file query_18.cif (mmCIF, C-alpha atoms (C1' of nucleotides))
data_upload
loop_
_atom_site.label_atom_id
_atom_site.label_comp_id
_atom_site.auth_asym_id
_atom_site.auth_seq_id
_atom_site.Cartn_x
_atom_site.Cartn_y
_atom_site.Cartn_z
CA MET C 1 -10.81 -35.03 21.49
CA ARG C 2 -8.05 -37.55 22.15
CA VAL C 3 -7.08 -40.08 19.44
CA VAL C 4 -4.50 -42.77 20.20
CA THR C 5 -2.79 -45.56 18.28
CA TRP C 6 -1.10 -48.55 19.93
CA ASN C 7 0.37 -51.76 18.58
CA VAL C 8 -0.36 -54.02 21.54
CA ASN C 9 1.42 -57.19 20.28
CA SER C 10 -1.44 -59.53 21.25
CA LEU C 11 -4.54 -58.10 22.88
CA HIS C 12 -4.90 -61.35 24.81
CA ALA C 13 -1.49 -60.90 26.41
CA ARG C 14 -1.97 -57.14 26.83
CA LEU C 15 -5.60 -56.78 27.92
CA GLY C 16 -4.73 -55.77 31.48
CA ARG C 17 -2.26 -53.14 30.31
CA VAL C 18 -4.72 -51.81 27.72
CA ARG C 19 -7.55 -51.57 30.24
CA GLU C 20 -5.32 -49.73 32.71
CA TRP C 21 -4.13 -47.37 30.02
CA LEU C 22 -7.68 -46.57 28.87
CA GLU C 23 -8.77 -45.84 32.43
CA ALA C 24 -5.75 -43.63 33.11
CA ASN C 25 -5.72 -41.71 29.83
CA GLY C 26 -9.33 -41.61 28.62
CA PRO C 27 -8.86 -41.59 24.86
CA ASP C 28 -11.99 -40.85 22.83
CA VAL C 29 -10.79 -43.01 19.95
CA MET C 30 -8.29 -45.83 20.34
CA LEU C 31 -6.75 -47.57 17.32
CA LEU C 32 -5.18 -50.96 18.05
CA GLN C 33 -2.90 -53.15 15.97
CA GLU C 34 -1.67 -56.73 16.26
CA THR C 35 -4.60 -57.94 18.33
CA LYS C 36 -3.76 -61.47 17.12
CA LEU C 37 -7.35 -62.57 17.76
CA ARG C 38 -10.18 -64.09 15.79
CA ASP C 39 -13.25 -61.84 15.75
CA GLU C 40 -15.08 -64.29 18.04
CA ALA C 41 -12.34 -63.86 20.65
CA PHE C 42 -12.28 -60.06 20.60
CA PRO C 43 -13.21 -58.90 24.15
CA SER C 44 -15.74 -56.25 23.13
CA GLU C 45 -17.57 -56.62 26.45
CA VAL C 46 -14.50 -55.39 28.32
CA PHE C 47 -14.50 -52.22 26.24
CA THR C 48 -18.27 -51.83 26.47
CA ALA C 49 -17.92 -51.80 30.25
CA LEU C 50 -15.43 -48.94 29.89
CA GLY C 51 -17.81 -46.98 27.67
CA TYR C 52 -16.40 -47.86 24.25
CA GLU C 53 -18.02 -49.18 21.13
CA SER C 54 -15.62 -51.26 19.07
CA ALA C 55 -14.96 -52.72 15.63
CA HIS C 56 -12.41 -55.45 15.02
CA ALA C 57 -10.89 -56.96 11.89
CA GLY C 58 -9.26 -60.16 13.05
CA GLN C 59 -7.70 -63.22 11.53
CA GLY C 60 -6.38 -65.19 14.48
CA GLN C 61 -2.72 -65.93 15.02
CA TRP C 62 -1.42 -62.87 13.17
CA ASN C 63 -2.32 -59.25 12.47
CA GLY C 64 -5.70 -57.96 13.65
CA VAL C 65 -6.70 -54.30 14.00
CA ALA C 66 -9.44 -52.52 15.92
CA VAL C 67 -11.14 -49.21 16.59
CA LEU C 68 -12.54 -48.31 20.01
CA SER C 69 -14.65 -45.18 20.35
CA ARG C 70 -16.71 -43.41 22.99
CA VAL C 71 -17.79 -40.69 20.52
CA GLY C 72 -19.79 -42.90 18.16
CA LEU C 73 -18.74 -45.62 15.75
CA THR C 74 -20.40 -46.11 12.36
CA GLY C 75 -19.48 -46.93 8.76
CA VAL C 76 -17.01 -49.71 9.51
CA THR C 77 -14.86 -50.90 6.59
CA ARG C 78 -12.34 -53.72 6.73
CA GLY C 79 -9.21 -54.63 4.82
CA LEU C 80 -7.57 -54.07 1.46
CA SER C 81 -7.43 -56.48 -1.48
CA ASP C 82 -4.82 -58.76 0.18
CA GLY C 83 -7.37 -60.31 2.53
CA GLU C 84 -5.20 -59.91 5.63
CA ALA C 85 -6.58 -58.16 8.72
CA ARG C 86 -4.43 -55.03 8.52
CA LEU C 87 -6.91 -52.18 8.09
CA VAL C 88 -10.15 -51.12 9.72
CA GLY C 89 -11.89 -47.82 9.15
CA ALA C 90 -14.75 -46.15 11.00
CA THR C 91 -16.47 -42.82 11.49
CA CYS C 92 -16.07 -41.57 15.06
CA GLY C 93 -16.88 -38.14 16.43
CA GLY C 94 -16.93 -36.53 13.00
CA LEU C 95 -13.62 -38.06 11.94
CA ARG C 96 -12.94 -40.82 9.43
CA VAL C 97 -10.34 -42.94 11.25
CA TYR C 98 -8.23 -45.83 10.01
CA SER C 99 -6.21 -48.28 12.12
CA CYS C 100 -3.33 -49.66 10.01
CA TYR C 101 -0.90 -52.51 10.46
CA VAL C 102 1.47 -52.29 7.51
CA PRO C 103 3.28 -55.52 6.50
CA ASN C 104 6.73 -55.80 8.08
CA GLY C 105 8.64 -56.52 4.88
CA ARG C 106 11.19 -58.79 6.60
CA ALA C 107 14.14 -58.05 4.24
CA LEU C 108 14.70 -56.09 1.05
CA ASP C 109 15.02 -59.25 -1.06
CA ASP C 110 12.02 -61.01 0.52
CA PRO C 111 8.71 -61.26 -1.39
CA HIS C 112 7.09 -59.82 1.74
CA TYR C 113 8.93 -56.54 1.05
CA ALA C 114 7.30 -56.18 -2.38
CA TYR C 115 3.97 -57.00 -0.74
CA LYS C 116 4.60 -54.22 1.79
CA LEU C 117 5.19 -51.67 -0.99
CA ARG C 118 2.05 -52.83 -2.85
CA TRP C 119 0.04 -52.57 0.36
CA LEU C 120 1.24 -49.02 1.04
CA ASP C 121 0.41 -48.02 -2.54
CA GLU C 122 -3.09 -49.45 -2.23
CA LEU C 123 -3.57 -47.48 0.99
CA ARG C 124 -2.35 -44.36 -0.82
CA GLY C 125 -4.93 -44.98 -3.54
CA LEU C 126 -7.71 -45.35 -0.99
CA LEU C 127 -6.72 -42.06 0.66
CA ALA C 128 -6.25 -40.25 -2.66
CA GLY C 129 -9.83 -41.18 -3.54
CA ARG C 130 -11.41 -39.80 -0.36
CA ASP C 131 -14.24 -37.35 -0.88
CA GLY C 132 -13.25 -34.90 1.87
CA ALA C 133 -16.65 -35.00 3.54
CA LEU C 134 -15.00 -35.93 6.85
CA PRO C 135 -11.44 -35.16 7.92
CA VAL C 136 -9.37 -38.31 8.03
CA VAL C 137 -6.97 -39.69 10.66
CA VAL C 138 -4.76 -42.56 9.47
CA ALA C 139 -2.69 -44.09 12.23
CA GLY C 140 -0.97 -47.26 13.23
CA ASP C 141 2.16 -49.33 12.87
CA PHE C 142 3.59 -48.39 9.47
CA ASN C 143 6.77 -50.46 9.90
CA VAL C 144 8.67 -47.60 8.23
CA ALA C 145 10.80 -44.94 9.90
CA PRO C 146 10.12 -41.85 7.77
CA ALA C 147 13.61 -40.31 8.06
CA ASP C 148 17.04 -40.96 9.53
CA ARG C 149 16.20 -38.98 12.67
CA ASP C 150 13.49 -41.58 13.35
CA VAL C 151 16.04 -44.32 14.13
CA TRP C 152 18.74 -44.59 16.81
CA ASP C 153 21.57 -45.33 14.38
CA PRO C 154 21.00 -45.01 10.63
CA ALA C 155 24.37 -46.61 9.85
CA ALA C 156 23.48 -49.76 11.78
CA LEU C 157 20.28 -50.18 9.73
CA GLU C 158 21.64 -49.62 6.25
CA GLY C 159 20.38 -52.23 3.82
CA MET C 160 17.58 -53.30 6.14
CA THR C 161 13.85 -52.92 5.90
CA HIS C 162 11.98 -49.99 7.58
CA VAL C 163 14.50 -47.39 6.35
CA SER C 164 14.84 -48.04 2.60
CA HIS C 165 14.15 -45.33 0.03
CA PRO C 166 11.15 -47.08 -1.60
CA GLU C 167 9.45 -47.51 1.78
CA ARG C 168 10.03 -43.87 2.67
CA ALA C 169 8.84 -42.78 -0.77
CA ALA C 170 5.67 -44.80 -0.20
CA LEU C 171 5.00 -42.84 3.00
CA GLU C 172 5.65 -39.59 1.15
CA GLY C 173 3.04 -40.64 -1.39
CA ILE C 174 0.54 -41.07 1.44
CA VAL C 175 1.43 -37.67 2.91
CA ALA C 176 1.00 -36.12 -0.55
CA THR C 177 -2.71 -37.00 -0.47
CA GLY C 178 -3.02 -34.14 2.03
CA LEU C 179 -1.91 -35.46 5.41
CA VAL C 180 0.40 -34.28 8.20
CA ASP C 181 2.72 -36.46 10.35
CA VAL C 182 1.56 -34.68 13.46
CA VAL C 183 4.10 -35.91 16.04
CA ARG C 184 7.00 -34.89 13.83
CA ALA C 185 5.31 -31.58 12.97
CA LEU C 186 5.07 -30.67 16.66
CA HIS C 187 8.45 -32.12 17.69
CA PRO C 188 10.95 -31.51 14.90
CA ASP C 189 14.05 -32.13 17.02
CA GLU C 190 13.18 -35.07 19.30
CA PRO C 191 13.46 -38.74 18.28
CA CYS C 192 9.95 -39.66 19.50
CA PHE C 193 10.66 -43.37 19.16
CA THR C 194 7.61 -45.65 19.42
CA TRP C 195 9.16 -49.13 19.22
CA TRP C 196 12.07 -50.86 20.90
CA ASP C 197 13.04 -54.50 20.30
CA TYR C 198 12.47 -56.79 23.27
CA ARG C 199 15.96 -58.18 22.70
CA GLY C 200 19.31 -56.93 23.75
CA GLY C 201 18.14 -54.39 26.30
CA ALA C 202 17.16 -52.16 23.38
CA PHE C 203 14.76 -49.99 25.38
CA HIS C 204 17.28 -49.11 28.07
CA ARG C 205 20.02 -48.53 25.49
CA GLY C 206 17.79 -46.17 23.52
CA TRP C 207 17.82 -48.41 20.43
CA GLY C 208 14.39 -47.44 19.14
CA MET C 209 12.58 -46.39 16.02
CA ARG C 210 9.62 -44.15 15.25
CA ILE C 211 7.43 -46.44 13.15
CA ASP C 212 4.00 -45.85 14.75
CA LEU C 213 2.65 -42.77 13.03
CA VAL C 214 -0.43 -40.57 13.19
CA TYR C 215 -1.33 -38.83 9.95
CA VAL C 216 -4.09 -36.25 10.20
CA ASP C 217 -5.89 -34.48 7.40
CA ALA C 218 -4.22 -31.15 6.64
CA ALA C 219 -7.60 -29.57 7.37
CA LEU C 220 -7.31 -30.83 10.96
CA ALA C 221 -3.81 -29.51 11.58
CA PRO C 222 -4.96 -26.21 13.15
CA ARG C 223 -6.95 -28.21 15.72
CA VAL C 224 -3.97 -30.21 17.00
CA ARG C 225 -3.14 -29.22 20.57
CA ALA C 226 -0.67 -31.98 21.47
CA ALA C 227 0.97 -35.03 19.96
CA TYR C 228 3.31 -37.28 21.89
CA VAL C 229 4.53 -40.80 22.61
CA ASP C 230 3.69 -42.31 26.01
CA ARG C 231 7.12 -43.85 26.52
CA ASP C 232 6.24 -44.90 30.08
CA ALA C 233 3.83 -47.48 28.68
CA ARG C 234 6.85 -49.38 27.30
CA LYS C 235 8.03 -49.92 30.91
CA GLY C 236 6.76 -52.23 33.63
CA VAL C 237 5.36 -55.74 33.64
CA LYS C 238 4.62 -57.42 30.30
CA PRO C 239 4.76 -54.32 28.10
CA SER C 240 4.13 -54.31 24.38
CA ASP C 241 7.27 -53.60 22.38
CA HIS C 242 5.42 -50.51 21.06
CA ALA C 243 4.35 -47.39 22.98
CA PRO C 244 1.04 -45.57 22.41
CA VAL C 245 1.01 -42.38 20.35
CA VAL C 246 -1.43 -39.74 21.60
CA VAL C 247 -2.94 -36.82 19.68
CA ASP C 248 -5.22 -34.22 21.24
CA LEU C 249 -7.49 -32.19 18.97
CA ASP C 250 -9.63 -29.16 19.78
CA PRO C 251 -13.31 -30.05 19.48
"C1'" DA W 1 22.61 -54.96 18.15
"C1'" DT W 2 20.02 -59.50 18.94
"C1'" DG W 3 20.69 -61.02 26.12
"C1'" DT W 4 12.79 -61.47 24.02
"C1'" DC W 5 8.01 -62.16 23.49
"C1'" DC W 6 3.87 -64.23 21.52
"C1'" DC W 7 1.46 -67.64 19.00
"C1'" DA W 8 0.12 -72.46 17.30
"C1'" DA W 9 0.46 -77.15 17.71
"C1'" DC W 10 1.69 -83.53 15.21
"C1'" DT W 11 1.48 -79.03 22.82
"C1'" DT W 12 5.23 -79.59 28.20
"C1'" DT W 13 9.34 -78.07 23.20
"C1'" DT W 14 9.94 -76.29 18.79
"C1'" DG W 15 9.48 -73.18 14.92
"C1'" DG W 16 7.67 -68.92 12.72
"C1'" DG W 17 7.13 -64.12 13.01
"C1'" DA W 18 8.26 -59.71 14.69
#
call {"tool": "encode", "arguments": {"input": "query_18.cif", "output": "structure tokens"}}
result
Amino acid sequence: MRVVTWNVNSLHARLGRVREWLEANGPDVMLLQETKLRDEAFPSEVFTALGYESAHAGQGQWNGVAVLSRVGLTGVTRGLSDGEARLVGATCGGLRVYSCYVPNGRALDDPHYAYKLRWLDELRGLLAGRDGALPVVVAGDFNVAPADRDVWDPAALEGMTHVSHPERAALEGIVATGLVDVVRALHPDEPCFTWWDYRGGAFHRGWGMRIDLVYVDAALAPRVRAAYVDRDARKGVKPSDHAPVVVDLDP
DNA sequence: ATGTCCCAACTTTTGGGA
């Protein structure tokens, strides 16, 4: 079973790339972030034609998350207490999956940073309270690089968001509910960046960060066969600034 | 590090967000 997360930075702008990617890679479950669509504008018929059921939590201009599945899709839940469209959960193929778009934070002294930490703590609480009936997969754009090896130059980012101790501690709290950062577990020595700024030729200079993460239930860890970033999807015409992260599980 | 992209709208250019 193949589970993928991808921040598409507008599903309207990216629909052609997403459709191509689905056809070429055949994920069973696809978690999308930053659809930037109202629910009425979500192109579910495009995904239906490709064999996917879908659930979308949209709000329009900003945010928006979705789950696509060709292995069943039930039990949809949307959002946290903030009312923004940053979380959607569903049961697909015997897994409880969540597509997450964590607030950016903007800067350490910005109110949005405190909101980001509150949001991560609320997600931790939700995961800590899970009943364990189904193994969970929590994936998406966390807007946090878990460790220094997850950024191209830690010195250049000092004092900025995405790398601060409280943000990293918040991720550790989520892991402590019984999850595994599966890409890092399988590739301890590679950067595995998932995002490169559009500006400044960042992609070609290697100025990236690993901020799109797939956390799987510790109970699922023995079933993980592969976990990798599809860096090629960051290339070409009108790419997202994020690359998809792919995880293959034994059935 | 900032040479871009995407969206909305008091829309054909600007400002906000990432």
call {"tool": "interface_residues", "arguments": {"input": "query_18.cif", "of": "chain W", "to": "chain C", "cutoff": "8 Å", "atoms": "all atoms listed in the file", "output": "number ranges by chain"}}
result
W: 1-8, 18
call {"tool": "atom_distance", "arguments": {"input": "query_18.cif", "atom1": "CA of Arg96 (chain C)", "atom2": "CA of Leu31 (chain C)"}}
result
12.1 Å
call {"tool": "resolve_selection", "arguments": {"input": "query_18.cif", "expression": "the PyMOL selection byres ((chain C and resi 148) around 12)", "output": "PDB file with C-alpha atoms, in the coordinates of the input"}}
result
ATOM      1  CA  VAL C 144       8.670 -47.600   8.230  1.00  0.00           C
ATOM      2  CA  ALA C 145      10.800 -44.940   9.900  1.00  0.00           C
ATOM      3  CA  PRO C 146      10.120 -41.850   7.770  1.00  0.00           C
ATOM      4  CA  ALA C 147      13.610 -40.310   8.060  1.00  0.00           C
ATOM      5  CA  ARG C 149      16.200 -38.980  12.670  1.00  0.00           C
ATOM      6  CA  ASP C 150      13.490 -41.580  13.350  1.00  0.00           C
ATOM      7  CA  VAL C 151      16.040 -44.320  14.130  1.00  0.00           C
ATOM      8  CA  TRP C 152      18.740 -44.590  16.810  1.00  0.00           C
ATOM      9  CA  ASP C 153      21.570 -45.330  14.380  1.00  0.00           C
ATOM     10  CA  PRO C 154      21.000 -45.010  10.630  1.00  0.00           C
ATOM     11  CA  ALA C 155      24.370 -46.610   9.850  1.00  0.00           C
ATOM     12  CA  ALA C 156      23.480 -49.760  11.780  1.00  0.00           C
ATOM     13  CA  LEU C 157      20.280 -50.180   9.730  1.00  0.00           C
ATOM     14  CA  GLU C 158      21.640 -49.620   6.250  1.00  0.00           C
ATOM     15  CA  HIS C 162      11.980 -49.990   7.580  1.00  0.00           C
ATOM     16  CA  VAL C 163      14.500 -47.390   6.350  1.00  0.00           C
ATOM     17  CA  SER C 164      14.840 -48.040   2.600  1.00  0.00           C
ATOM     18  CA  HIS C 165      14.150 -45.330   0.030  1.00  0.00           C
ATOM     19  CA  ARG C 168      10.030 -43.870   2.670  1.00  0.00           C
ATOM     20  CA  ASP C 189      14.050 -32.130  17.020  1.00  0.00           C
ATOM     21  CA  PRO C 191      13.460 -38.740  18.280  1.00  0.00           C
ATOM     22  CA  PHE C 193      10.660 -43.370  19.160  1.00  0.00           C
ATOM     23  CA  GLY C 208      14.390 -47.440  19.140  1.00  0.00           C
ATOM     24  CA  MET C 209      12.580 -46.390  16.020  1.00  0.00           C
ATOM     25  CA  ARG C 210       9.620 -44.150  15.250  1.00  0.00           C
ATOM     26  CA  ILE C 211       7.430 -46.440  13.150  1.00  0.00           C
TER      27      ILE C 211
END
call {"tool": "atom_distance", "arguments": {"input": "query_18.cif", "atom1": "CA of Met30 (chain C)", "atom2": "CA of Ala243 (chain C)"}}
result
13.0 Å
call {"tool": "atom_distance", "arguments": {"input": "query_18.cif", "atom1": "CA of Gly93 (chain C)", "atom2": "CA of Gln33 (chain C)"}}
result
20.5 Å
call {"tool": "resolve_selection", "arguments": {"input": "query_18.cif", "expression": "the PyMOL selection byres ((chain C and resi 50) around 10)", "output": "number ranges by chain"}}
result
C: 19, 22-23, 26, 44-49, 51-53, 70
call {"tool": "residues_around", "arguments": {"input": "query_18.cif", "residues": "Glu40 (chain C)", "least_positions_apart": "5", "cutoff": "12 Å", "atoms": "only C-alpha atoms (C1' of nucleotides)", "output": "JSON, numbers by chain"}}
result
{"C": [45, 55, 56, 57, 58, 59, 60]}
